[in-house]
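Raw data-v5.tsv, TSV, C-alpha atoms and all ligand atoms:
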chain	number	residue	atom	x	y	z
A	1	MET	CA	-13.23	-49.87	-22.80
A	2	ASN	CA	-12.92	-47.43	-19.97
A	3	ALA	CA	-12.49	-49.19	-16.63
A	4	SER	CA	-14.83	-46.76	-14.90
A	5	PHE	CA	-17.72	-48.14	-16.96
A	6	THR	CA	-17.51	-51.59	-15.41
A	7	VAL	CA	-19.79	-50.90	-12.46
A	8	LYS	CA	-20.97	-54.23	-11.11
A	9	GLY	CA	-24.41	-55.30	-12.28
A	10	ARG	CA	-25.17	-52.10	-14.14
A	11	GLY	CA	-23.39	-52.38	-17.46
A	12	ARG	CA	-22.33	-49.44	-19.53
A	13	PRO	CA	-24.20	-46.17	-19.19
A	14	LYS	CA	-26.89	-45.70	-21.80
A	15	VAL	CA	-26.45	-42.97	-24.36
A	16	LYS	CA	-29.40	-40.60	-24.28
A	17	LEU	CA	-30.72	-39.61	-27.66
A	18	LYS	CA	-32.33	-36.27	-28.33
A	19	LYS	CA	-35.10	-37.91	-30.34
A	20	ASN	CA	-36.06	-40.02	-27.30
A	21	ALA	CA	-36.04	-37.08	-24.89
A	22	LEU	CA	-39.32	-35.93	-23.39
A	23	PRO	CA	-40.83	-32.89	-25.09
A	24	THR	CA	-40.15	-29.44	-23.74
A	25	LEU	CA	-41.11	-26.03	-25.10
A	26	GLU	CA	-39.88	-22.63	-24.07
A	27	TYR	CA	-41.54	-19.27	-24.66
A	28	THR	CA	-40.44	-15.77	-23.74
A	29	THR	CA	-42.65	-12.70	-23.25
A	30	ASN	CA	-43.86	-12.48	-26.84
A	31	GLY	CA	-44.62	-16.17	-27.18
A	32	PHE	CA	-47.23	-16.62	-24.47
A	33	ALA	CA	-49.92	-14.87	-22.47
A	34	LEU	CA	-52.09	-15.65	-19.46
A	35	VAL	CA	-55.74	-15.16	-20.28
A	36	GLY	CA	-58.30	-15.79	-17.54
A	37	GLY	CA	-56.20	-18.41	-15.80
A	38	ARG	CA	-55.46	-20.20	-19.07
A	39	LEU	CA	-52.11	-20.32	-20.78
A	40	ARG	CA	-52.16	-19.09	-24.38
A	41	LEU	CA	-49.19	-20.16	-26.45
A	42	ALA	CA	-48.12	-19.16	-29.94
A	43	LYS	CA	-50.23	-20.36	-32.92
A	44	GLY	CA	-53.46	-19.97	-30.96
A	45	VAL	CA	-53.03	-22.91	-28.60
A	46	THR	CA	-54.81	-22.30	-25.28
A	47	ILE	CA	-54.28	-24.66	-22.35
A	48	PRO	CA	-56.26	-24.82	-19.10
A	49	VAL	CA	-53.82	-24.74	-16.16
A	50	VAL	CA	-54.21	-26.23	-12.69
A	51	TRP	CA	-52.34	-23.63	-10.63
A	52	SER	CA	-50.20	-24.89	-7.77
A	53	ARG	CA	-49.84	-21.35	-6.37
A	54	GLU	CA	-50.33	-17.75	-7.37
A	55	LEU	CA	-47.56	-16.13	-9.37
A	56	PRO	CA	-45.85	-13.38	-7.33
A	57	SER	CA	-45.37	-11.24	-10.46
A	58	ASP	CA	-45.99	-11.29	-14.21
A	59	PRO	CA	-43.93	-14.12	-15.68
A	60	THR	CA	-41.13	-13.29	-18.13
A	61	SER	CA	-40.92	-16.75	-19.65
A	62	VAL	CA	-42.50	-20.18	-19.45
A	63	ARG	CA	-41.25	-23.70	-20.01
A	64	VAL	CA	-43.88	-26.29	-20.88
A	65	TYR	CA	-42.68	-29.86	-20.43
A	66	GLN	CA	-43.90	-33.42	-20.12
A	67	ASP	CA	-42.72	-35.95	-17.54
A	68	ASN	CA	-42.29	-39.70	-17.97
A	69	LEU	CA	-45.89	-40.32	-16.87
A	70	GLY	CA	-47.22	-38.15	-19.67
A	71	HIS	CA	-48.24	-35.28	-17.42
A	72	TRP	CA	-47.64	-31.76	-18.67
A	73	TYR	CA	-46.27	-28.96	-16.55
A	74	ALA	CA	-45.74	-25.25	-17.03
A	75	SER	CA	-42.89	-23.61	-15.15
A	76	PHE	CA	-42.80	-19.79	-15.04
A	77	VAL	CA	-39.92	-17.41	-14.44
A	78	VAL	CA	-41.05	-14.63	-12.10
A	79	GLN	CA	-39.60	-11.80	-10.01
A	80	ARG	CA	-39.69	-12.11	-6.25
A	81	GLU	CA	-39.44	-9.47	-3.53
A	82	ALA	CA	-36.23	-9.46	-1.48
A	83	VAL	CA	-36.72	-10.96	1.97
A	84	ALA	CA	-36.36	-9.10	5.25
A	85	THR	CA	-33.13	-9.38	7.20
A	86	PRO	CA	-33.12	-12.24	9.73
A	87	ASP	CA	-33.72	-11.77	13.42
A	88	PRO	CA	-30.27	-11.92	15.11
A	89	ASP	CA	-31.84	-13.24	18.31
A	90	LEU	CA	-32.55	-16.58	16.66
A	91	PRO	CA	-30.16	-19.37	17.64
A	92	GLY	CA	-27.76	-21.22	15.34
A	93	ILE	CA	-28.07	-24.85	14.34
A	94	GLY	CA	-25.63	-27.53	13.21
A	95	VAL	CA	-26.72	-30.26	10.80
A	96	ASP	CA	-25.04	-33.64	10.35
A	97	TRP	CA	-26.27	-35.97	7.60
A	98	GLY	CA	-26.69	-39.67	8.15
A	99	VAL	CA	-28.36	-42.80	6.88
A	100	THR	CA	-30.36	-43.97	9.89
A	101	THR	CA	-31.41	-40.42	10.76
A	102	THR	CA	-31.32	-38.25	7.65
A	103	ALA	CA	-30.42	-35.11	9.56
A	104	THR	CA	-29.19	-34.97	13.15
A	105	THR	CA	-29.16	-31.42	14.47
A	106	THR	CA	-27.87	-29.71	17.60
A	107	ASN	CA	-31.51	-29.37	18.67
A	108	PRO	CA	-33.18	-32.81	18.66
A	109	SER	CA	-36.62	-31.30	17.99
A	110	PHE	CA	-35.36	-30.33	14.50
A	111	ASP	CA	-33.99	-33.79	13.64
A	112	LEU	CA	-35.22	-35.25	10.38
A	113	PRO	CA	-35.84	-39.01	10.68
A	114	HIS	CA	-35.03	-41.34	7.80
A	115	LEU	CA	-37.64	-40.67	5.12
A	116	GLY	CA	-37.53	-44.10	3.51
A	117	HIS	CA	-40.45	-43.56	1.15
A	118	ARG	CA	-38.68	-45.57	-1.52
A	119	ARG	CA	-38.12	-48.51	0.77
A	120	ARG	CA	-41.73	-48.46	1.91
A	121	CYS	CA	-43.00	-48.98	-1.64
A	122	ALA	CA	-40.15	-51.29	-2.68
A	123	ALA	CA	-42.43	-54.36	-2.64
A	124	GLU	CA	-45.01	-52.61	-4.78
A	125	LEU	CA	-42.29	-51.53	-7.21
A	126	ALA	CA	-40.81	-55.04	-7.36
A	127	LYS	CA	-44.26	-56.39	-8.25
A	128	ALA	CA	-44.61	-53.91	-11.12
A	129	GLN	CA	-41.12	-54.76	-12.33
A	130	ARG	CA	-41.87	-58.50	-12.25
A	131	THR	CA	-44.94	-57.84	-14.37
A	132	MET	CA	-42.76	-55.89	-16.77
A	133	ALA	CA	-40.29	-58.77	-17.01
A	134	ARG	CA	-43.10	-61.26	-17.67
A	135	ARG	CA	-44.62	-59.15	-20.40
A	136	ARG	CA	-41.38	-58.14	-22.07
A	137	ARG	CA	-41.20	-59.19	-25.72
A	138	PRO	CA	-37.98	-60.37	-27.34
A	139	LYS	CA	-35.59	-57.79	-28.71
A	140	GLY	CA	-36.67	-56.27	-32.00
A	141	HIS	CA	-40.40	-56.57	-31.30
A	142	SER	CA	-42.48	-53.56	-30.33
A	143	PRO	CA	-43.48	-53.64	-26.66
A	144	SER	CA	-46.96	-54.93	-25.79
A	145	LYS	CA	-49.69	-52.75	-24.27
A	146	GLY	CA	-49.49	-54.76	-21.06
A	147	TYR	CA	-45.76	-54.20	-20.83
A	148	LEU	CA	-46.15	-50.47	-21.29
A	149	ALA	CA	-48.89	-50.40	-18.65
A	150	ALA	CA	-46.64	-52.17	-16.15
A	151	LYS	CA	-43.77	-49.84	-17.02
A	152	ARG	CA	-45.99	-46.86	-16.40
A	153	GLN	CA	-47.09	-48.32	-13.07
A	154	ALA	CA	-43.45	-48.74	-12.00
A	155	ALA	CA	-42.67	-45.17	-13.02
A	156	ARG	CA	-45.70	-43.94	-11.08
A	157	ILE	CA	-44.54	-45.67	-7.87
A	158	VAL	CA	-41.01	-44.27	-8.18
A	159	LYS	CA	-42.36	-40.80	-8.84
A	160	LYS	CA	-44.68	-40.91	-5.85
A	161	ALA	CA	-41.86	-41.83	-3.48
A	162	ALA	CA	-39.64	-39.12	-4.93
A	163	ARG	CA	-42.39	-36.53	-4.49
A	164	GLN	CA	-42.94	-37.56	-0.88
A	165	ASN	CA	-39.21	-37.22	-0.20
A	166	THR	CA	-39.18	-33.76	-1.80
A	167	HIS	CA	-42.22	-32.66	0.14
A	168	ASP	CA	-40.84	-33.84	3.49
A	169	ALA	CA	-37.46	-32.23	2.77
A	170	ARG	CA	-39.14	-28.91	1.96
A	171	VAL	CA	-41.31	-28.89	5.06
A	172	TRP	CA	-38.31	-29.73	7.23
A	173	ALA	CA	-36.01	-27.16	5.60
A	174	LYS	CA	-38.64	-24.44	6.03
A	175	THR	CA	-39.00	-25.17	9.77
A	176	VAL	CA	-35.22	-25.13	10.29
A	177	VAL	CA	-34.77	-21.88	8.34
A	178	ASP	CA	-37.68	-20.17	10.11
A	179	HIS	CA	-36.17	-20.78	13.54
A	180	HIS	CA	-32.43	-20.14	13.07
A	181	HIS	CA	-30.18	-17.33	11.91
A	182	LEU	CA	-27.03	-19.39	11.45
A	183	ILE	CA	-27.25	-22.72	9.68
A	184	ALA	CA	-24.08	-24.82	9.74
A	185	VAL	CA	-24.42	-27.71	7.32
A	186	GLU	CA	-22.15	-30.69	6.87
A	187	ASP	CA	-20.93	-30.46	3.29
A	188	PHE	CA	-22.05	-33.97	2.41
A	189	LYS	CA	-20.75	-35.27	-0.91
A	190	PRO	CA	-23.04	-38.05	-2.16
A	191	LYS	CA	-20.12	-39.46	-4.17
A	192	PHE	CA	-18.64	-40.89	-0.96
A	193	LEU	CA	-21.35	-43.49	-0.71
A	194	THR	CA	-22.27	-44.40	-4.26
A	195	LYS	CA	-19.94	-47.37	-4.43
A	196	THR	CA	-20.74	-48.84	-1.03
A	197	SER	CA	-23.57	-51.07	0.16
A	198	MET	CA	-24.99	-47.97	1.85
A	199	ALA	CA	-25.74	-46.49	-1.55
A	200	ARG	CA	-29.40	-47.50	-1.67
A	201	LYS	CA	-30.14	-46.38	1.86
A	202	ALA	CA	-28.29	-43.13	1.29
A	203	ALA	CA	-30.23	-42.49	-1.90
A	204	ASP	CA	-33.45	-43.24	-0.04
A	205	ALA	CA	-32.53	-40.80	2.69
A	206	ALA	CA	-32.43	-38.19	-0.06
A	207	ILE	CA	-29.59	-36.37	1.71
A	208	GLY	CA	-28.57	-34.48	-1.40
A	209	ALA	CA	-32.10	-33.16	-1.92
A	210	CYS	CA	-32.48	-32.20	1.74
A	211	LYS	CA	-29.16	-30.36	1.75
A	212	ARG	CA	-29.98	-28.45	-1.44
A	213	GLU	CA	-33.38	-27.49	-0.07
A	214	LEU	CA	-31.92	-26.29	3.23
A	215	VAL	CA	-29.08	-24.27	1.65
A	216	ASP	CA	-31.34	-22.67	-0.97
A	217	ARG	CA	-34.06	-21.75	1.50
A	218	GLY	CA	-31.53	-20.45	4.02
A	219	LYS	CA	-29.90	-18.21	1.44
A	220	ARG	CA	-33.25	-16.96	0.18
A	221	ALA	CA	-34.35	-16.09	3.72
A	222	GLY	CA	-31.13	-14.13	4.26
A	223	ARG	CA	-29.72	-16.58	6.80
A	224	LYS	CA	-26.03	-17.20	7.26
A	225	VAL	CA	-25.47	-20.62	5.75
A	226	VAL	CA	-22.06	-22.21	6.25
A	227	LEU	CA	-20.95	-25.43	4.60
A	228	VAL	CA	-18.56	-27.30	6.86
A	229	PRO	CA	-16.35	-30.02	5.32
A	230	PRO	CA	-17.14	-33.37	6.97
A	231	ALA	CA	-13.47	-34.15	7.70
A	232	TYR	CA	-12.88	-34.86	11.40
A	233	THR	CA	-16.36	-33.77	12.50
A	234	THR	CA	-17.16	-37.19	13.94
A	235	MET	CA	-13.83	-37.53	15.75
A	236	THR	CA	-13.64	-34.03	17.24
A	237	CYS	CA	-15.04	-33.49	20.73
A	238	SER	CA	-17.69	-30.78	20.81
A	239	GLY	CA	-17.10	-30.40	24.55
A	240	CYS	CA	-13.42	-29.45	24.58
A	241	GLY	CA	-12.41	-29.33	20.92
A	242	GLU	CA	-9.90	-32.15	21.21
A	243	ARG	CA	-9.57	-34.35	18.15
A	244	ALA	CA	-9.32	-38.09	18.75
A	245	ASN	CA	-6.40	-39.95	17.21
A	246	HIS	CA	-8.54	-42.61	15.62
A	247	ARG	CA	-11.47	-42.47	13.30
A	248	LEU	CA	-14.67	-43.69	14.96
A	249	GLY	CA	-15.81	-47.02	13.48
A	250	LEU	CA	-19.21	-46.87	11.73
A	251	GLY	CA	-20.66	-49.20	14.37
A	252	VAL	CA	-19.70	-46.91	17.24
A	253	ARG	CA	-22.81	-44.86	17.95
A	254	ILE	CA	-21.55	-43.07	21.09
A	255	PHE	CA	-18.74	-40.53	21.07
A	256	GLU	CA	-16.56	-40.53	24.16
A	257	CYS	CA	-13.84	-37.93	24.55
A	258	PRO	CA	-10.56	-39.39	25.86
A	259	ALA	CA	-9.43	-35.92	26.98
A	260	CYS	CA	-12.39	-34.55	28.93
A	261	GLY	CA	-14.77	-37.49	29.22
A	262	TYR	CA	-17.56	-35.75	27.32
A	263	THR	CA	-20.08	-38.28	26.02
A	264	ALA	CA	-22.76	-37.77	23.37
A	265	GLY	CA	-24.44	-39.56	20.52
A	266	ARG	CA	-22.07	-39.85	17.58
A	267	ASP	CA	-24.21	-37.76	15.23
A	268	LEU	CA	-25.18	-35.21	17.87
A	269	ASN	CA	-21.51	-34.63	18.70
A	270	ALA	CA	-20.77	-34.17	14.98
A	271	ALA	CA	-23.64	-31.68	14.61
A	272	ARG	CA	-22.33	-29.69	17.58
A	273	THR	CA	-18.81	-29.68	16.16
A	274	ILE	CA	-20.19	-28.46	12.83
A	275	LEU	CA	-22.04	-25.60	14.53
A	276	ALA	CA	-18.98	-24.69	16.63
A	277	THR	CA	-16.81	-24.63	13.50
A	278	ALA	CA	-19.23	-22.25	11.82
A	279	GLU	CA	-19.60	-20.02	14.89
A	280	ARG	CA	-15.85	-19.78	15.31
A	281	ASP	CA	-15.56	-18.36	11.84
A	282	ARG	CA	-15.61	-14.59	11.91
A	283	ALA	CA	-16.39	-14.14	8.22
A	284	SER	CA	-19.12	-11.80	7.00
A	285	ALA	CA	-22.68	-13.03	7.16
A	286	ASP	CA	-24.92	-14.15	4.28
A	287	ASP	CA	-22.07	-15.95	2.66
A	288	VAL	CA	-21.94	-19.59	1.67
A	289	ARG	CA	-18.33	-20.63	1.56
A	290	HIS	CA	-16.39	-23.77	2.23
A	291	ARG	CA	-14.52	-23.83	5.49
A	292	ILE	CA	-11.86	-26.08	6.93
A	293	ALA	CA	-12.86	-27.80	10.15
A	294	SER	CA	-10.23	-26.00	12.22
A	295	PHE	CA	-11.92	-26.64	15.51
A	296	ARG	CA	-8.77	-27.71	17.25
A	297	ASP	CA	-6.79	-24.57	16.39
A	298	GLY	CA	-9.53	-22.28	17.55
A	299	GLY	CA	-8.72	-22.16	21.26
A	300	SER	CA	-10.79	-23.22	24.23
A	301	ASP	CA	-14.04	-21.26	23.95
A	302	ALA	CA	-16.02	-24.34	23.02
A	303	VAL	CA	-19.80	-24.51	23.04
B	401	ZN	ZN	-13.50	-33.49	25.07
Kindly transcribe the structure held in the file into structure tokens.
Amino acid sequence: MNASFTVKGRGRPKVKLKKNALPTLEYTTNGFALVGGRLRLAKGVTIPVVWSRELPSDPTSVRVYQDNLGHWYASFVVQREAVATPDPDLPGIGVDWGVTTTATTTNPSFDLPHLGHRRRCAAELAKAQRTMARRRRPKGHSPSKGYLAAKRQAARIVKKAARQNTHDARVWAKTVVDHHHLIAVEDFKPKFLTKTSMARKAADAAIGACKRELVDRGKRAGRKVVLVPPAYTTMTCSGCGERANHRLGLGVRIFECPACGYTAGRDLNAARTILATAERDRASADDVRHRIASFRDGGSDAV
């Protein structure tokens, strides 16, 4: 047995079977048509659609799929107009990811507080899961109606929290992108935290989803998005560019520069260092590339 499978309390990963996968159907131009707001599929099936938004152009393909709650969705592939070039007068922003505050930025009015939708409904979810456990039949027996109902309830709670996280992340990312031309993002790798006790909180903060949303929206809006590796960002002074000799302990919330005496919140200092790293880089705009945090070598023109 592979040692990497022995994750505490989780057991071996389940093998997903195609026959148990949720249904999904794909149609290209000849396989579907939109008739009076309804979706007509091959073999004369016509489905009423609740539209979430207007399609910007005629769709070239559609994917019809069902989620774990039994709801059906139709996802269209469409063409979109290219966006206008960004206003160069807009300021830049640095973004540092964290667990207590999901995103700390160089401008506190754009900070994203911890979302925590999953934690808020944890009690409700635990209740549904207890009901599931109580109603579970022994192995080999088909599950009872009550068990399936409780399972569905648990899935509904999880889905709701996930949707709220997505929604909040989108709203936040849109505001940030609308007001900045340069977006310097800490290149957070969720892998760092998965094996620590922070894992649940980190997952709840939905950092990965927020980052993806911000980078995608920034690129789409023609902004310069720079991913800055997180190495040394917390221990580099954003005042003078001096890097401290020691890593800041996780409990230390205030950064204090031994060289120049500059003091700032730990995350705020990191966000400023991230922005300075990105600004220092003289690479062409509209380019998402990985950069080394070479703040120290860059000279003295600090922000
Ligand atoms: Zn300093």
- Query: How far is it from CA of Arg135 in chain A to CA of Lys159 in chain A, in Å with one decimal?
  - Reply: 21.8 Å
Counting all atoms listed in the file, which residues of chain A fall within 7 Å of ligand ZN 401 (chain B), and what is the closest atom pair for each with its distance in Å at one decimal, ordered by chain and rising number, as JSON lines?
{"residue": "A:Cys237", "atom": "CA", "partner": "B:ZN401", "partner_atom": "ZN", "distance": 4.6}
{"residue": "A:Ser238", "atom": "CA", "partner": "B:ZN401", "partner_atom": "ZN", "distance": 6.6}
{"residue": "A:Gly239", "atom": "CA", "partner": "B:ZN401", "partner_atom": "ZN", "distance": 4.8}
{"residue": "A:Cys240", "atom": "CA", "partner": "B:ZN401", "partner_atom": "ZN", "distance": 4.1}
{"residue": "A:Gly241", "atom": "CA", "partner": "B:ZN401", "partner_atom": "ZN", "distance": 6.0}
{"residue": "A:Glu242", "atom": "CA", "partner": "B:ZN401", "partner_atom": "ZN", "distance": 5.4}
{"residue": "A:Cys257", "atom": "CA", "partner": "B:ZN401", "partner_atom": "ZN", "distance": 4.5}
{"residue": "A:Pro258", "atom": "CA", "partner": "B:ZN401", "partner_atom": "ZN", "distance": 6.6}
{"residue": "A:Ala259", "atom": "CA", "partner": "B:ZN401", "partner_atom": "ZN", "distance": 5.1}
{"residue": "A:Cys260", "atom": "CA", "partner": "B:ZN401", "partner_atom": "ZN", "distance": 4.2}
{"residue": "A:Gly261", "atom": "CA", "partner": "B:ZN401", "partner_atom": "ZN", "distance": 5.9}
{"residue": "A:Tyr262", "atom": "CA", "partner": "B:ZN401", "partner_atom": "ZN", "distance": 5.2}
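Residue nearest Arg253 in chain A within the list A:Asn68, A:Thr100, A:Ser142, A:Thr175: A:Thr100 [criterion: smallest interatomic distance, all atoms listed in the file].
For the atom pair formed by CA of Ala161 in chain A and CA of Arg137 in chain A, the distance is 28.2 Å, given to one decimal.
With all atoms listed in the file as the atoms that count, the minimum distance from Ser75 in chain A to the choices A:Ala209, A:Val62, A:Met235, A:Leu275 is reached by A:Val62.
Coordinates place CA of Ala103 in chain A at a distance of 18.7 Å from CA of Arg223 in chain A.
Once range 21-33 of chain A and its same-chain neighbours fewer than 2 positions away are set aside, A:Lys16, A:Leu17, A:Lys18, A:Lys19, A:Val35, A:Leu39, A:Arg40, A:Leu41, A:Ala42, A:Pro59, A:Thr60, A:Ser61, A:Val62, A:Arg63, A:Val64, A:Tyr65, A:Gln66, A:Asp67, A:Asn68 remain within 8 Å of it when counting only C-alpha atoms.
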- Surrounding residues of Asp58 in chain A excluding itself and chain neighbours under 4 positions, 10 Å, all atoms listed in the file, as a PyMOL selection string: chain A and resi 29+33-34+76-79
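Around range 129-134 of chain A, within 9 Å and counting all atoms listed in the file, the residues found are Glu124, Leu125, Gly146, Tyr147, Leu148, Ala149, Ala150, Lys151, Gln153 and Ala154 of chain A, once anything fewer than 4 positions away on its own chain is removed.
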Restricting the output to C-alpha atoms, write the selected residues as a PDB file, in the frame of the given file.
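Produced file result.pdb, reproduced below:
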ATOM      1  CA  GLU A 124     -45.010 -52.610  -4.780  1.00  0.00           C
ATOM      2  CA  LEU A 125     -42.290 -51.530  -7.210  1.00  0.00           C
ATOM      3  CA  GLY A 146     -49.490 -54.760 -21.060  1.00  0.00           C
ATOM      4  CA  TYR A 147     -45.760 -54.200 -20.830  1.00  0.00           C
ATOM      5  CA  LEU A 148     -46.150 -50.470 -21.290  1.00  0.00           C
ATOM      6  CA  ALA A 149     -48.890 -50.400 -18.650  1.00  0.00           C
ATOM      7  CA  ALA A 150     -46.640 -52.170 -16.150  1.00  0.00           C
ATOM      8  CA  LYS A 151     -43.770 -49.840 -17.020  1.00  0.00           C
ATOM      9  CA  GLN A 153     -47.090 -48.320 -13.070  1.00  0.00           C
ATOM     10  CA  ALA A 154     -43.450 -48.740 -12.000  1.00  0.00           C
TER      11      ALA A 154
END
